[in-house]
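See below for the structure under consideration.
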Amino acid sequence: MTEQIVFFIFTIMVLGGGLGVVSTKNLYYAALFLSLSFSGMAGYFIMLNAGFLAAVQIIVYVGAIAILILFAIMLSRKVMTTNEPQTNKQNWLALIVTPLLYLTLIFLVVKVNWPVSSAAPALDVLTQMGAQFLGGYLIPFEVMSVLLLVALVGAIILARDVEKGRE
Amino acid sequence: MQNIPLTWWLSVATALFSLGLYGALSRKNAIAILMGLELMLNAVNINLVAFNRYITPQNVTGQVFAVFVIAIAAAEAAVALAIIIAAYRQRGTVNVDDLDSMKF
């Protein structure tokens with residue numbers, strides 16, 4: 001019972017935050033709703049025996065990505081007028097298509113007989129993850145580090161002020 | 001733990017994915033589209049971790065995948081925001097309807 005109450009609280013955080021992100025006109029509020037949604041997801045990860053992922057979620061998403069988005073919103077602030085509509089011409093189409101997608105996926109989720117296992121969850125999650133990262137998933141792990149380096153350099157080059165170099 | 005069936009987690013993840021898709025499809029502002037994408041990536045993460053916990057609880061493959069998704073999302077957000085800032089500096093707008101010079 002307690003678990004279900006906690007689940008509902010986190011669900012309100014996650015889905016309410018998500019609804020705020022897509023519905024509010026003020027982008028600044030949308031970014032704050034986004035970090036609320038990310039925090040709720042960290043709670044989900046703790047409930048799902050993934051404490052390390054919960055910490056990563058807080059550090060990377062709430063601490064880095066949401067703040068980065070806030071910076072970008074403030075840097076492009078001139079266009080952030082809140083009284084004009086924030087949706088484009090295909091809004092009505094999106095309003096039809098996404099509920100249809102949702103209903104289709106929910107139909108699938110309910111229909112499929114998931115092979116749920118009743119085994120006890122792993123206790124040494126972090127040890128196992130470390131062994132996986134430096135064992136079976138070594139090459140994806142190294143590619144990931146190269147990708148992060150490329151993204152770092154690329155972001156700096158793209159966002160650099162090129163006014164002086166242009167003719 | 002088994003008080004909460006797996007379908008509840010999947011339903012929440014599906015709802016969040018649909019919300020993110022709606023945001024990515026219907027918003028005018030490029031940063032708002034990026035926020036919709038982040039919601040979709042997070043919905044996938046919930047799915048991965050929930051499947052890991054319910055179907056193969058002895059190993060942690062789903063969580064390893066979720067870490068990869070988080071790393072990709074971080075790289076994607078950094079590059080996308082850099083592109084948006086550069087476009088704003090050059091064109092003075094972040095409205096994707098106005099950034100159509102590559103459109104045929």
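As shown in the structure tokens, the chain order sets the letters A, B, ...; within each chain, residues go from 1, and ligands are also counted from 1 in the order they appear.
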
Q: Compile the residues of chain A that lie within 7 Å of chain B, evaluated using only C-alpha atoms, and express the compilation as a PyMOL selection string.
A: chain A and resi 4+15+18-19+22+48+65+72+76+79+86-88+90-91+94-95+98+102+105-106+109-110+115-117+119-122+125+128-129+148+151+154-155+158-159

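Residue nearest Val69 (chain B) within the list A:Leu149, A:Val14, A:Leu100, A:Met144: A:Met144 [criterion: smallest interatomic distance, only C-alpha atoms].
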
Q: From a DSSP calculation on the backbone, collect every residue of chain B in alpha helix (DSSP H) and output the set as a PyMOL selection string.
A: chain B and resi 6-26+30-55+61-91

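If you measure from each of A:Leu126, A:Trp92, A:Ser39, A:Phe133 to Val60 (chain A) using only C-alpha atoms, the closest one turns out to be A:Ser39.
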
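The gap separating CA of Ile46 (chain A) from CA of Phe33 (chain A) is 20.5 Å, in Å to one decimal.
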